[in-house]
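Student: I'm passing along data-v3.csv; it holds CSV, N, CA and C atoms.
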```
chain,number,residue,atom,x,y,z
A,96,MET,N,0.8,-1.2,0.0
A,96,MET,CA,0.0,0.0,0.0
A,96,MET,C,0.9,1.3,0.0
A,97,THR,N,1.9,1.2,-0.8
A,97,THR,CA,2.8,2.4,-0.8
A,97,THR,C,2.2,3.6,-1.4
A,98,ASN,N,1.1,3.4,-2.2
A,98,ASN,CA,0.4,4.6,-2.7
A,98,ASN,C,-0.8,5.0,-1.9
A,99,GLY,N,-1.0,4.3,-0.8
A,99,GLY,CA,-2.2,4.5,0.0
A,99,GLY,C,-1.9,5.4,1.2
A,100,GLN,N,-3.0,6.1,1.6
A,100,GLN,CA,-2.9,6.9,2.9
A,100,GLN,C,-3.6,6.1,3.9
A,101,TRP,N,-2.9,5.7,5.0
A,101,TRP,CA,-3.6,5.0,6.1
A,101,TRP,C,-4.5,6.0,6.9
A,102,LEU,N,-5.7,5.6,7.0
A,102,LEU,CA,-6.7,6.4,7.8
A,102,LEU,C,-6.9,6.0,9.2
A,103,GLY,N,-6.8,4.7,9.4
A,103,GLY,CA,-6.9,4.1,10.8
A,103,GLY,C,-7.4,2.7,10.8
A,104,ASP,N,-7.4,2.2,12.0
A,104,ASP,CA,-7.9,0.8,12.2
A,104,ASP,C,-9.4,0.8,12.3
A,105,PHE,N,-10.0,-0.4,11.9
A,105,PHE,CA,-11.4,-0.5,11.9
A,105,PHE,C,-11.7,-2.0,12.0
A,106,SER,N,-12.7,-2.4,12.9
A,106,SER,CA,-13.2,-3.7,13.0
A,106,SER,C,-14.6,-3.8,12.4
A,107,VAL,N,-14.8,-4.7,11.5
A,107,VAL,CA,-16.1,-4.8,10.9
A,107,VAL,C,-16.9,-6.0,11.4
A,108,GLU,N,-18.1,-5.8,11.8
A,108,GLU,CA,-18.9,-6.9,12.5
A,108,GLU,C,-19.6,-7.7,11.4
A,109,ASN,N,-20.0,-8.9,11.9
A,109,ASN,CA,-20.8,-9.8,11.0
A,109,ASN,C,-20.0,-10.5,9.9
A,110,TYR,N,-18.7,-10.6,10.2
A,110,TYR,CA,-17.7,-11.4,9.4
A,110,TYR,C,-16.9,-12.3,10.2
A,111,GLN,N,-16.4,-13.3,9.6
A,111,GLN,CA,-15.4,-14.2,10.3
A,111,GLN,C,-14.2,-14.3,9.4
A,112,LEU,N,-13.0,-14.5,10.1
A,112,LEU,CA,-11.8,-14.5,9.4
A,112,LEU,C,-11.2,-15.9,9.4
A,113,TYR,N,-10.7,-16.4,8.3
A,113,TYR,CA,-10.1,-17.7,8.1
A,113,TYR,C,-8.7,-17.6,7.6
A,114,SER,N,-7.8,-18.5,8.0
A,114,SER,CA,-6.5,-18.6,7.4
A,114,SER,C,-6.6,-19.5,6.2
A,115,LEU,N,-6.2,-19.0,5.0
A,115,LEU,CA,-6.2,-19.7,3.8
A,115,LEU,C,-4.8,-20.2,3.4
A,116,GLY,N,-3.9,-20.2,4.4
A,116,GLY,CA,-2.5,-20.5,4.2
A,116,GLY,C,-1.7,-19.3,4.4
A,117,HIS,N,-1.3,-18.7,3.3
A,117,HIS,CA,-0.4,-17.6,3.3
A,117,HIS,C,-1.1,-16.2,3.4
A,118,TYR,N,-2.5,-16.3,3.3
A,118,TYR,CA,-3.2,-15.1,3.4
A,118,TYR,C,-4.6,-15.3,4.0
A,119,PRO,N,-5.3,-14.3,4.4
A,119,PRO,CA,-6.6,-14.4,5.1
A,119,PRO,C,-7.8,-14.4,4.1
A,120,GLY,N,-8.9,-14.8,4.6
A,120,GLY,CA,-10.2,-14.7,3.9
A,120,GLY,C,-11.3,-14.4,4.9
A,121,ALA,N,-12.0,-13.3,4.6
A,121,ALA,CA,-13.1,-12.9,5.5
A,121,ALA,C,-14.4,-13.3,4.8
A,122,VAL,N,-15.3,-13.9,5.5
A,122,VAL,CA,-16.6,-14.3,5.0
A,122,VAL,C,-17.7,-13.8,5.9
A,123,PRO,N,-18.9,-13.6,5.4
A,123,PRO,CA,-20.0,-13.2,6.3
A,123,PRO,C,-20.3,-14.3,7.3
A,124,GLY,N,-20.6,-13.8,8.6
A,124,GLY,CA,-20.8,-14.7,9.6
A,124,GLY,C,-20.8,-14.0,11.0
A,125,GLU,N,-21.0,-14.7,12.0
A,125,GLU,CA,-21.0,-14.2,13.4
A,125,GLU,C,-19.6,-13.9,13.8
A,126,GLY,N,-19.2,-12.7,14.0
A,126,GLY,CA,-17.9,-12.4,14.5
A,126,GLY,C,-17.5,-11.0,14.0
A,127,THR,N,-16.3,-10.7,14.3
A,127,THR,CA,-15.7,-9.4,13.9
A,127,THR,C,-14.3,-9.6,13.3
A,128,VAL,N,-14.0,-8.8,12.3
A,128,VAL,CA,-12.7,-8.9,11.6
A,128,VAL,C,-12.0,-7.6,11.8
A,129,ALA,N,-10.8,-7.6,12.2
A,129,ALA,CA,-10.0,-6.4,12.4
A,129,ALA,C,-9.3,-6.1,11.1
A,130,GLY,N,-9.2,-4.8,10.8
A,130,GLY,CA,-8.5,-4.4,9.6
A,130,GLY,C,-8.1,-3.0,9.7
A,131,GLU,N,-7.6,-2.5,8.5
A,131,GLU,CA,-7.1,-1.1,8.4
A,131,GLU,C,-7.8,-0.5,7.2
A,132,VAL,N,-8.0,0.8,7.3
A,132,VAL,CA,-8.7,1.6,6.2
A,132,VAL,C,-7.6,2.5,5.6
A,133,TYR,N,-7.6,2.4,4.2
A,133,TYR,CA,-6.7,3.3,3.5
A,133,TYR,C,-7.4,4.1,2.4
A,134,ARG,N,-6.9,5.2,2.1
A,134,ARG,CA,-7.4,6.0,1.0
A,134,ARG,C,-6.5,5.7,-0.2
A,135,ILE,N,-7.0,5.2,-1.3
A,135,ILE,CA,-6.2,4.8,-2.5
A,135,ILE,C,-6.8,5.5,-3.7
A,136,ASP,N,-6.0,5.5,-4.7
A,136,ASP,CA,-6.5,6.1,-6.0
A,136,ASP,C,-7.0,5.0,-6.9
A,137,ALA,N,-7.7,5.3,-8.0
A,137,ALA,CA,-8.3,4.4,-8.9
A,137,ALA,C,-7.3,3.4,-9.5
A,138,SER,N,-6.2,3.8,-9.7
A,138,SER,CA,-5.1,2.9,-10.3
A,138,SER,C,-4.8,1.8,-9.3
A,139,THR,N,-4.6,2.2,-8.0
A,139,THR,CA,-4.3,1.2,-7.0
A,139,THR,C,-5.5,0.2,-6.8
A,140,LEU,N,-6.7,0.7,-6.8
A,140,LEU,CA,-7.9,-0.1,-6.7
A,140,LEU,C,-7.9,-1.1,-7.8
A,141,ALA,N,-7.6,-0.7,-9.0
A,141,ALA,CA,-7.6,-1.6,-10.2
A,141,ALA,C,-6.6,-2.7,-10.0
A,142,GLU,N,-5.4,-2.3,-9.5
A,142,GLU,CA,-4.3,-3.3,-9.3
A,142,GLU,C,-4.8,-4.3,-8.2
A,143,LEU,N,-5.4,-3.9,-7.1
A,143,LEU,CA,-5.9,-4.8,-6.1
A,143,LEU,C,-7.0,-5.7,-6.7
A,144,ASP,N,-7.9,-5.1,-7.5
A,144,ASP,CA,-9.0,-5.9,-8.1
A,144,ASP,C,-8.4,-7.0,-9.0
A,145,ALA,N,-7.3,-6.7,-9.7
A,145,ALA,CA,-6.7,-7.7,-10.6
A,145,ALA,C,-6.1,-8.8,-9.8
A,146,LEU,N,-5.6,-8.5,-8.6
A,146,LEU,CA,-5.0,-9.5,-7.7
A,146,LEU,C,-6.1,-10.3,-7.0
A,147,ARG,N,-7.1,-9.7,-6.5
A,147,ARG,CA,-8.0,-10.3,-5.6
A,147,ARG,C,-9.3,-10.9,-6.2
A,148,THR,N,-9.8,-10.3,-7.3
A,148,THR,CA,-11.0,-10.7,-7.9
A,148,THR,C,-10.8,-11.7,-9.0
A,149,LYS,N,-9.6,-11.8,-9.5
A,149,LYS,CA,-9.3,-12.8,-10.6
A,149,LYS,C,-9.8,-14.2,-10.2
A,150,GLY,N,-10.5,-14.8,-11.1
A,150,GLY,CA,-11.0,-16.1,-10.9
A,150,GLY,C,-12.1,-16.2,-9.8
A,151,GLY,N,-12.6,-15.1,-9.4
A,151,GLY,CA,-13.8,-15.1,-8.5
A,151,GLY,C,-13.4,-15.5,-7.1
A,152,GLU,N,-12.1,-15.4,-6.7
A,152,GLU,CA,-11.8,-15.8,-5.3
A,152,GLU,C,-12.3,-14.8,-4.3
A,153,TYR,N,-12.3,-13.5,-4.6
A,153,TYR,CA,-12.8,-12.5,-3.7
A,153,TYR,C,-13.8,-11.6,-4.5
A,154,ALA,N,-14.7,-11.0,-3.7
A,154,ALA,CA,-15.5,-9.9,-4.3
A,154,ALA,C,-15.5,-8.7,-3.4
A,155,ARG,N,-15.6,-7.6,-4.0
A,155,ARG,CA,-15.6,-6.3,-3.2
A,155,ARG,C,-17.0,-6.1,-2.6
A,156,HIS,N,-17.0,-5.8,-1.3
A,156,HIS,CA,-18.2,-5.4,-0.6
A,156,HIS,C,-18.0,-4.0,0.0
A,157,LEU,N,-19.0,-3.2,-0.2
A,157,LEU,CA,-19.0,-1.8,0.4
A,157,LEU,C,-19.4,-1.9,1.8
A,158,ILE,N,-18.5,-1.3,2.7
A,158,ILE,CA,-18.8,-1.3,4.1
A,158,ILE,C,-18.7,0.2,4.6
A,159,GLN,N,-19.3,0.4,5.8
A,159,GLN,CA,-19.2,1.8,6.3
A,159,GLN,C,-18.2,1.8,7.5
A,160,THR,N,-17.4,2.8,7.5
A,160,THR,CA,-16.4,2.9,8.6
A,160,THR,C,-16.5,4.3,9.1
A,161,PRO,N,-15.8,4.6,10.2
A,161,PRO,CA,-15.8,6.0,10.7
A,161,PRO,C,-15.1,7.0,9.8
A,162,TYR,N,-14.4,6.4,8.8
A,162,TYR,CA,-13.7,7.3,7.8
A,162,TYR,C,-14.5,7.4,6.5
A,163,GLY,N,-15.7,6.9,6.5
A,163,GLY,CA,-16.5,6.9,5.3
A,163,GLY,C,-16.7,5.5,4.7
A,164,SER,N,-17.3,5.4,3.5
A,164,SER,CA,-17.5,4.1,2.9
A,164,SER,C,-16.1,3.6,2.4
A,165,ALA,N,-16.0,2.2,2.5
A,165,ALA,CA,-14.8,1.6,2.1
A,165,ALA,C,-15.1,0.2,1.4
A,166,TRP,N,-14.2,-0.2,0.6
A,166,TRP,CA,-14.3,-1.5,0.0
A,166,TRP,C,-13.6,-2.6,0.9
A,167,MET,N,-14.2,-3.7,1.0
A,167,MET,CA,-13.6,-4.8,1.7
A,167,MET,C,-13.7,-6.0,0.7
A,168,TYR,N,-12.6,-6.8,0.7
A,168,TYR,CA,-12.5,-8.0,-0.2
A,168,TYR,C,-13.0,-9.2,0.6
A,169,VAL,N,-14.1,-9.8,0.2
A,169,VAL,CA,-14.7,-10.9,0.9
A,169,VAL,C,-14.5,-12.2,0.1
A,170,TYR,N,-14.0,-13.2,0.8
A,170,TYR,CA,-13.7,-14.5,0.2
A,170,TYR,C,-15.0,-15.1,-0.3
A,171,GLN,N,-14.9,-15.7,-1.5
A,171,GLN,CA,-16.1,-16.3,-2.2
A,171,GLN,C,-16.2,-17.8,-2.2
A,172,ARG,N,-15.1,-18.4,-1.8
A,172,ARG,CA,-15.1,-19.9,-1.8
A,172,ARG,C,-15.3,-20.5,-0.5
A,173,SER,N,-15.5,-21.8,-0.4
A,173,SER,CA,-15.7,-22.5,0.8
A,173,SER,C,-14.5,-22.4,1.8
A,174,VAL,N,-14.9,-22.2,3.1
A,174,VAL,CA,-13.8,-22.1,4.1
A,174,VAL,C,-13.9,-23.4,5.0
A,175,GLU,N,-14.6,-24.4,4.5
A,175,GLU,CA,-14.8,-25.6,5.3
A,175,GLU,C,-13.5,-26.3,5.8
A,176,SER,N,-12.5,-26.3,4.9
A,176,SER,CA,-11.3,-27.0,5.3
A,176,SER,C,-10.2,-26.0,5.9
A,177,HIS,N,-10.6,-24.8,6.1
A,177,HIS,CA,-9.7,-23.8,6.6
A,177,HIS,C,-9.9,-23.5,8.1
A,178,THR,N,-8.9,-23.0,8.8
A,178,THR,CA,-8.9,-22.7,10.2
A,178,THR,C,-9.5,-21.3,10.4
A,179,ARG,N,-10.5,-21.2,11.3
A,179,ARG,CA,-11.0,-19.9,11.6
A,179,ARG,C,-10.1,-19.2,12.7
A,180,ILE,N,-9.9,-17.9,12.5
A,180,ILE,CA,-9.1,-17.1,13.4
A,180,ILE,C,-10.2,-16.4,14.3
A,181,ASP,N,-10.4,-17.0,15.5
A,181,ASP,CA,-11.5,-16.6,16.3
A,181,ASP,C,-11.4,-15.1,16.7
A,182,THR,N,-10.2,-14.6,16.9
A,182,THR,CA,-10.1,-13.2,17.3
A,182,THR,C,-10.4,-12.2,16.1
A,183,GLY,N,-10.4,-12.7,14.9
A,183,GLY,CA,-10.7,-11.9,13.7
A,183,GLY,C,-9.5,-11.0,13.3
A,184,ASP,N,-8.3,-11.3,13.9
A,184,ASP,CA,-7.1,-10.5,13.7
A,184,ASP,C,-6.1,-11.4,13.0
A,185,TRP,N,-5.7,-11.1,11.8
A,185,TRP,CA,-4.8,-12.0,11.0
A,185,TRP,C,-3.4,-12.1,11.8
A,186,LEU,N,-3.1,-11.2,12.6
A,186,LEU,CA,-1.8,-11.3,13.3
A,186,LEU,C,-1.9,-12.3,14.4
A,187,ASP,N,-3.1,-12.8,14.8
A,187,ASP,CA,-3.2,-13.8,15.8
A,187,ASP,C,-3.2,-15.2,15.2
A,188,ARG,N,-3.0,-15.4,13.9
A,188,ARG,CA,-3.0,-16.7,13.3
A,188,ARG,C,-1.8,-17.5,13.8
A,189,GLU,N,-2.0,-18.8,13.8
A,189,GLU,CA,-0.9,-19.7,14.2
A,189,GLU,C,0.0,-19.9,13.0
A,190,LEU,N,1.3,-19.7,13.2
A,190,LEU,CA,2.3,-19.8,12.1
A,190,LEU,C,2.9,-21.2,12.3
A,191,PHE,N,3.0,-21.9,11.2
A,191,PHE,CA,3.6,-23.2,11.2
A,191,PHE,C,4.9,-23.3,10.6
```
Once you've parsed the file, please lay out its structure as structure tokens.

Tutor:
Amino acid sequence: MTNGQWLGDFSVENYQLYSLGHYPGAVPGEGTVAGEVYRIDASTLAELDALRTKGGEYARHLIQTPYGSAWMYVYQRSVESHTRIDTGDWLDRELF
């Protein structure tokens, strides 16, 4: 996010966080997911979309934050075989 301006931390309710191996996946559900909010330009958003939405792995969902509306990438595939991170914080995942 070298081109982004960090606005602050934000936790979004009604989502659960899973470890997909080397990266996280948030899905709708009972829980809270911790994250950060950035202001980015259209070019950076297009780059993120190319990385995240390719093949339908993630979809952008519009959420409301104290900093205004923001996009959140929500995982679109099954999390059945993945480990839930109960705290909702990617930094709390178990590293193997």

Student: What does the distance from atom N of Ser173 in chain A to CA of Ala141 in chain A come to in Å, to one decimal?

Tutor: 23.8 Å

Student: Within 10 Å of range 121-128 of chain A, counting only C-alpha atoms, which residues show up once you throw out same-chain ones fewer than 3 positions away? Write them as JSON, numbers by chain, please.

Tutor: {"A": [105, 106, 107, 108, 109, 110, 111, 112, 113, 114, 115, 153, 167, 168, 169, 170, 171, 172, 173, 174, 179, 180, 181, 182, 183, 184, 185]}

Student: Next, dump the selected residues to file, keeping only N, CA and C atoms, as an mmCIF file, in the frame of the given file.

Tutor:
```
data_model
loop_
_atom_site.group_PDB
_atom_site.id
_atom_site.type_symbol
_atom_site.label_atom_id
_atom_site.label_comp_id
_atom_site.auth_asym_id
_atom_site.auth_seq_id
_atom_site.Cartn_x
_atom_site.Cartn_y
_atom_site.Cartn_z
ATOM 1 N N PHE A 105 -10.000 -0.400 11.900
ATOM 2 C CA PHE A 105 -11.400 -0.500 11.900
ATOM 3 C C PHE A 105 -11.700 -2.000 12.000
ATOM 4 N N SER A 106 -12.700 -2.400 12.900
ATOM 5 C CA SER A 106 -13.200 -3.700 13.000
ATOM 6 C C SER A 106 -14.600 -3.800 12.400
ATOM 7 N N VAL A 107 -14.800 -4.700 11.500
ATOM 8 C CA VAL A 107 -16.100 -4.800 10.900
ATOM 9 C C VAL A 107 -16.900 -6.000 11.400
ATOM 10 N N GLU A 108 -18.100 -5.800 11.800
ATOM 11 C CA GLU A 108 -18.900 -6.900 12.500
ATOM 12 C C GLU A 108 -19.600 -7.700 11.400
ATOM 13 N N ASN A 109 -20.000 -8.900 11.900
ATOM 14 C CA ASN A 109 -20.800 -9.800 11.000
ATOM 15 C C ASN A 109 -20.000 -10.500 9.900
ATOM 16 N N TYR A 110 -18.700 -10.600 10.200
ATOM 17 C CA TYR A 110 -17.700 -11.400 9.400
ATOM 18 C C TYR A 110 -16.900 -12.300 10.200
ATOM 19 N N GLN A 111 -16.400 -13.300 9.600
ATOM 20 C CA GLN A 111 -15.400 -14.200 10.300
ATOM 21 C C GLN A 111 -14.200 -14.300 9.400
ATOM 22 N N LEU A 112 -13.000 -14.500 10.100
ATOM 23 C CA LEU A 112 -11.800 -14.500 9.400
ATOM 24 C C LEU A 112 -11.200 -15.900 9.400
ATOM 25 N N TYR A 113 -10.700 -16.400 8.300
ATOM 26 C CA TYR A 113 -10.100 -17.700 8.100
ATOM 27 C C TYR A 113 -8.700 -17.600 7.600
ATOM 28 N N SER A 114 -7.800 -18.500 8.000
ATOM 29 C CA SER A 114 -6.500 -18.600 7.400
ATOM 30 C C SER A 114 -6.600 -19.500 6.200
ATOM 31 N N LEU A 115 -6.200 -19.000 5.000
ATOM 32 C CA LEU A 115 -6.200 -19.700 3.800
ATOM 33 C C LEU A 115 -4.800 -20.200 3.400
ATOM 34 N N TYR A 153 -12.300 -13.500 -4.600
ATOM 35 C CA TYR A 153 -12.800 -12.500 -3.700
ATOM 36 C C TYR A 153 -13.800 -11.600 -4.500
ATOM 37 N N MET A 167 -14.200 -3.700 1.000
ATOM 38 C CA MET A 167 -13.600 -4.800 1.700
ATOM 39 C C MET A 167 -13.700 -6.000 0.700
ATOM 40 N N TYR A 168 -12.600 -6.800 0.700
ATOM 41 C CA TYR A 168 -12.500 -8.000 -0.200
ATOM 42 C C TYR A 168 -13.000 -9.200 0.600
ATOM 43 N N VAL A 169 -14.100 -9.800 0.200
ATOM 44 C CA VAL A 169 -14.700 -10.900 0.900
ATOM 45 C C VAL A 169 -14.500 -12.200 0.100
ATOM 46 N N TYR A 170 -14.000 -13.200 0.800
ATOM 47 C CA TYR A 170 -13.700 -14.500 0.200
ATOM 48 C C TYR A 170 -15.000 -15.100 -0.300
ATOM 49 N N GLN A 171 -14.900 -15.700 -1.500
ATOM 50 C CA GLN A 171 -16.100 -16.300 -2.200
ATOM 51 C C GLN A 171 -16.200 -17.800 -2.200
ATOM 52 N N ARG A 172 -15.100 -18.400 -1.800
ATOM 53 C CA ARG A 172 -15.100 -19.900 -1.800
ATOM 54 C C ARG A 172 -15.300 -20.500 -0.500
ATOM 55 N N SER A 173 -15.500 -21.800 -0.400
ATOM 56 C CA SER A 173 -15.700 -22.500 0.800
ATOM 57 C C SER A 173 -14.500 -22.400 1.800
ATOM 58 N N VAL A 174 -14.900 -22.200 3.100
ATOM 59 C CA VAL A 174 -13.800 -22.100 4.100
ATOM 60 C C VAL A 174 -13.900 -23.400 5.000
ATOM 61 N N ARG A 179 -10.500 -21.200 11.300
ATOM 62 C CA ARG A 179 -11.000 -19.900 11.600
ATOM 63 C C ARG A 179 -10.100 -19.200 12.700
ATOM 64 N N ILE A 180 -9.900 -17.900 12.500
ATOM 65 C CA ILE A 180 -9.100 -17.100 13.400
ATOM 66 C C ILE A 180 -10.200 -16.400 14.300
ATOM 67 N N ASP A 181 -10.400 -17.000 15.500
ATOM 68 C CA ASP A 181 -11.500 -16.600 16.300
ATOM 69 C C ASP A 181 -11.400 -15.100 16.700
ATOM 70 N N THR A 182 -10.200 -14.600 16.900
ATOM 71 C CA THR A 182 -10.100 -13.200 17.300
ATOM 72 C C THR A 182 -10.400 -12.200 16.100
ATOM 73 N N GLY A 183 -10.400 -12.700 14.900
ATOM 74 C CA GLY A 183 -10.700 -11.900 13.700
ATOM 75 C C GLY A 183 -9.500 -11.000 13.300
ATOM 76 N N ASP A 184 -8.300 -11.300 13.900
ATOM 77 C CA ASP A 184 -7.100 -10.500 13.700
ATOM 78 C C ASP A 184 -6.100 -11.400 13.000
ATOM 79 N N TRP A 185 -5.700 -11.100 11.800
ATOM 80 C CA TRP A 185 -4.800 -12.000 11.000
ATOM 81 C C TRP A 185 -3.400 -12.100 11.800
#
```

Student: Can you tell me how far CA of Ile135 in chain A sits from CA of Pro119 in chain A, in Å to one decimal?

Tutor: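 Computing the Euclidean distance for CA of Ile135 in chain A and CA of Pro119 in chain A yields 20.7 Å.
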
Student: Pick out the closest residue to Tyr162 in chain A from this set: A:Ser138, A:Ala129, A:Gly103, A:Thr97. Count only N, CA and C atoms.

Tutor: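 Checking each of A:Ser138, A:Ala129, A:Gly103, A:Thr97 against Tyr162 in chain A, counting only N, CA and C atoms, the winner is A:Gly103.
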
Student: What does the distance from atom C of Leu143 in chain A to CA of Trp166 in chain A come to in Å, to one decimal?

Tutor: 10.8 Å

Student: Just asking: which residues within range 121-152 of chain A are strand (DSSP E) according to DSSP, as a list in words?

Tutor: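 Of range 121-152 of chain A, only Ala121, Val122, Pro123, Gly124, Glu125, Gly126, Thr127, Val128, Ala129, Gly130, Glu131, Val132, Tyr133 and Arg134 of chain A fall in strand (DSSP E).
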
Student: Convert the current residue selection to file output with N, CA and C atoms, as a CSV table (one decimal), keeping the file's coordinate frame.

Tutor:
```csv
chain,number,residue,atom,x,y,z
A,121,ALA,N,-12.0,-13.3,4.6
A,121,ALA,CA,-13.1,-12.9,5.5
A,121,ALA,C,-14.4,-13.3,4.8
A,122,VAL,N,-15.3,-13.9,5.5
A,122,VAL,CA,-16.6,-14.3,5.0
A,122,VAL,C,-17.7,-13.8,5.9
A,123,PRO,N,-18.9,-13.6,5.4
A,123,PRO,CA,-20.0,-13.2,6.3
A,123,PRO,C,-20.3,-14.3,7.3
A,124,GLY,N,-20.6,-13.8,8.6
A,124,GLY,CA,-20.8,-14.7,9.6
A,124,GLY,C,-20.8,-14.0,11.0
A,125,GLU,N,-21.0,-14.7,12.0
A,125,GLU,CA,-21.0,-14.2,13.4
A,125,GLU,C,-19.6,-13.9,13.8
A,126,GLY,N,-19.2,-12.7,14.0
A,126,GLY,CA,-17.9,-12.4,14.5
A,126,GLY,C,-17.5,-11.0,14.0
A,127,THR,N,-16.3,-10.7,14.3
A,127,THR,CA,-15.7,-9.4,13.9
A,127,THR,C,-14.3,-9.6,13.3
A,128,VAL,N,-14.0,-8.8,12.3
A,128,VAL,CA,-12.7,-8.9,11.6
A,128,VAL,C,-12.0,-7.6,11.8
A,129,ALA,N,-10.8,-7.6,12.2
A,129,ALA,CA,-10.0,-6.4,12.4
A,129,ALA,C,-9.3,-6.1,11.1
A,130,GLY,N,-9.2,-4.8,10.8
A,130,GLY,CA,-8.5,-4.4,9.6
A,130,GLY,C,-8.1,-3.0,9.7
A,131,GLU,N,-7.6,-2.5,8.5
A,131,GLU,CA,-7.1,-1.1,8.4
A,131,GLU,C,-7.8,-0.5,7.2
A,132,VAL,N,-8.0,0.8,7.3
A,132,VAL,CA,-8.7,1.6,6.2
A,132,VAL,C,-7.6,2.5,5.6
A,133,TYR,N,-7.6,2.4,4.2
A,133,TYR,CA,-6.7,3.3,3.5
A,133,TYR,C,-7.4,4.1,2.4
A,134,ARG,N,-6.9,5.2,2.1
A,134,ARG,CA,-7.4,6.0,1.0
A,134,ARG,C,-6.5,5.7,-0.2
```

Student: Using all atoms listed in the file, which of A:Ala145, A:Glu189, A:Tyr133, A:Gly151 sits nearest Ala165 in chain A?

Tutor: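 For Ala165 in chain A, the nearest of the given residues is A:Tyr133.
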
Student: Considering all atoms listed in the file, can you say which of A:Glu175, A:Ile158, A:Val132, A:Gly163 comes closest to Gln100 in chain A?

Tutor: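 Closest to Gln100 in chain A of all the choices is A:Val132.
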
Student: Among the residues of range 132-171 of chain A, find those DSSP assigns to alpha helix (DSSP H) from the backbone and print them as a PyMOL selection string.

Tutor: chain A and resi 137-147

Student: Any chance you could export range 113-149 of chain A with C-alpha atoms, as a compact mmCIF listing (two decimals), in the first residue's frame?

Tutor:
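Listed below is the output, decode.txt:
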```
# COMPACT_ATOMS: atom_id res chain seq x y z
CA TYR A 113 -10.07 -17.69 8.13
CA SER A 114 -6.48 -18.61 7.40
CA LEU A 115 -6.20 -19.70 3.79
CA GLY A 116 -2.53 -20.55 4.23
CA HIS A 117 -0.39 -17.56 3.34
CA TYR A 118 -3.23 -15.05 3.35
CA PRO A 119 -6.60 -14.43 5.06
CA GLY A 120 -10.17 -14.72 3.89
CA ALA A 121 -13.11 -12.91 5.46
CA VAL A 122 -16.61 -14.33 4.99
CA PRO A 123 -20.00 -13.20 6.27
CA GLY A 124 -20.84 -14.72 9.65
CA GLU A 125 -21.04 -14.15 13.37
CA GLY A 126 -17.90 -12.39 14.46
CA THR A 127 -15.69 -9.36 13.94
CA VAL A 128 -12.73 -8.91 11.60
CA ALA A 129 -9.97 -6.42 12.42
CA GLY A 130 -8.53 -4.39 9.57
CA GLU A 131 -7.11 -1.11 8.39
CA VAL A 132 -8.68 1.58 6.22
CA TYR A 133 -6.68 3.28 3.46
CA ARG A 134 -7.43 6.00 0.96
CA ILE A 135 -6.21 4.84 -2.45
CA ASP A 136 -6.46 6.07 -6.02
CA ALA A 137 -8.33 4.38 -8.87
CA SER A 138 -5.14 2.90 -10.29
CA THR A 139 -4.28 1.17 -7.01
CA LEU A 140 -7.85 -0.12 -6.69
CA ALA A 141 -7.61 -1.57 -10.21
CA GLU A 142 -4.35 -3.33 -9.26
CA LEU A 143 -5.94 -4.78 -6.11
CA ASP A 144 -8.96 -5.92 -8.11
CA ALA A 145 -6.68 -7.67 -10.60
CA LEU A 146 -5.01 -9.54 -7.73
CA ARG A 147 -8.04 -10.26 -5.58
CA THR A 148 -11.03 -10.73 -7.86
CA LYS A 149 -9.29 -12.77 -10.60
```
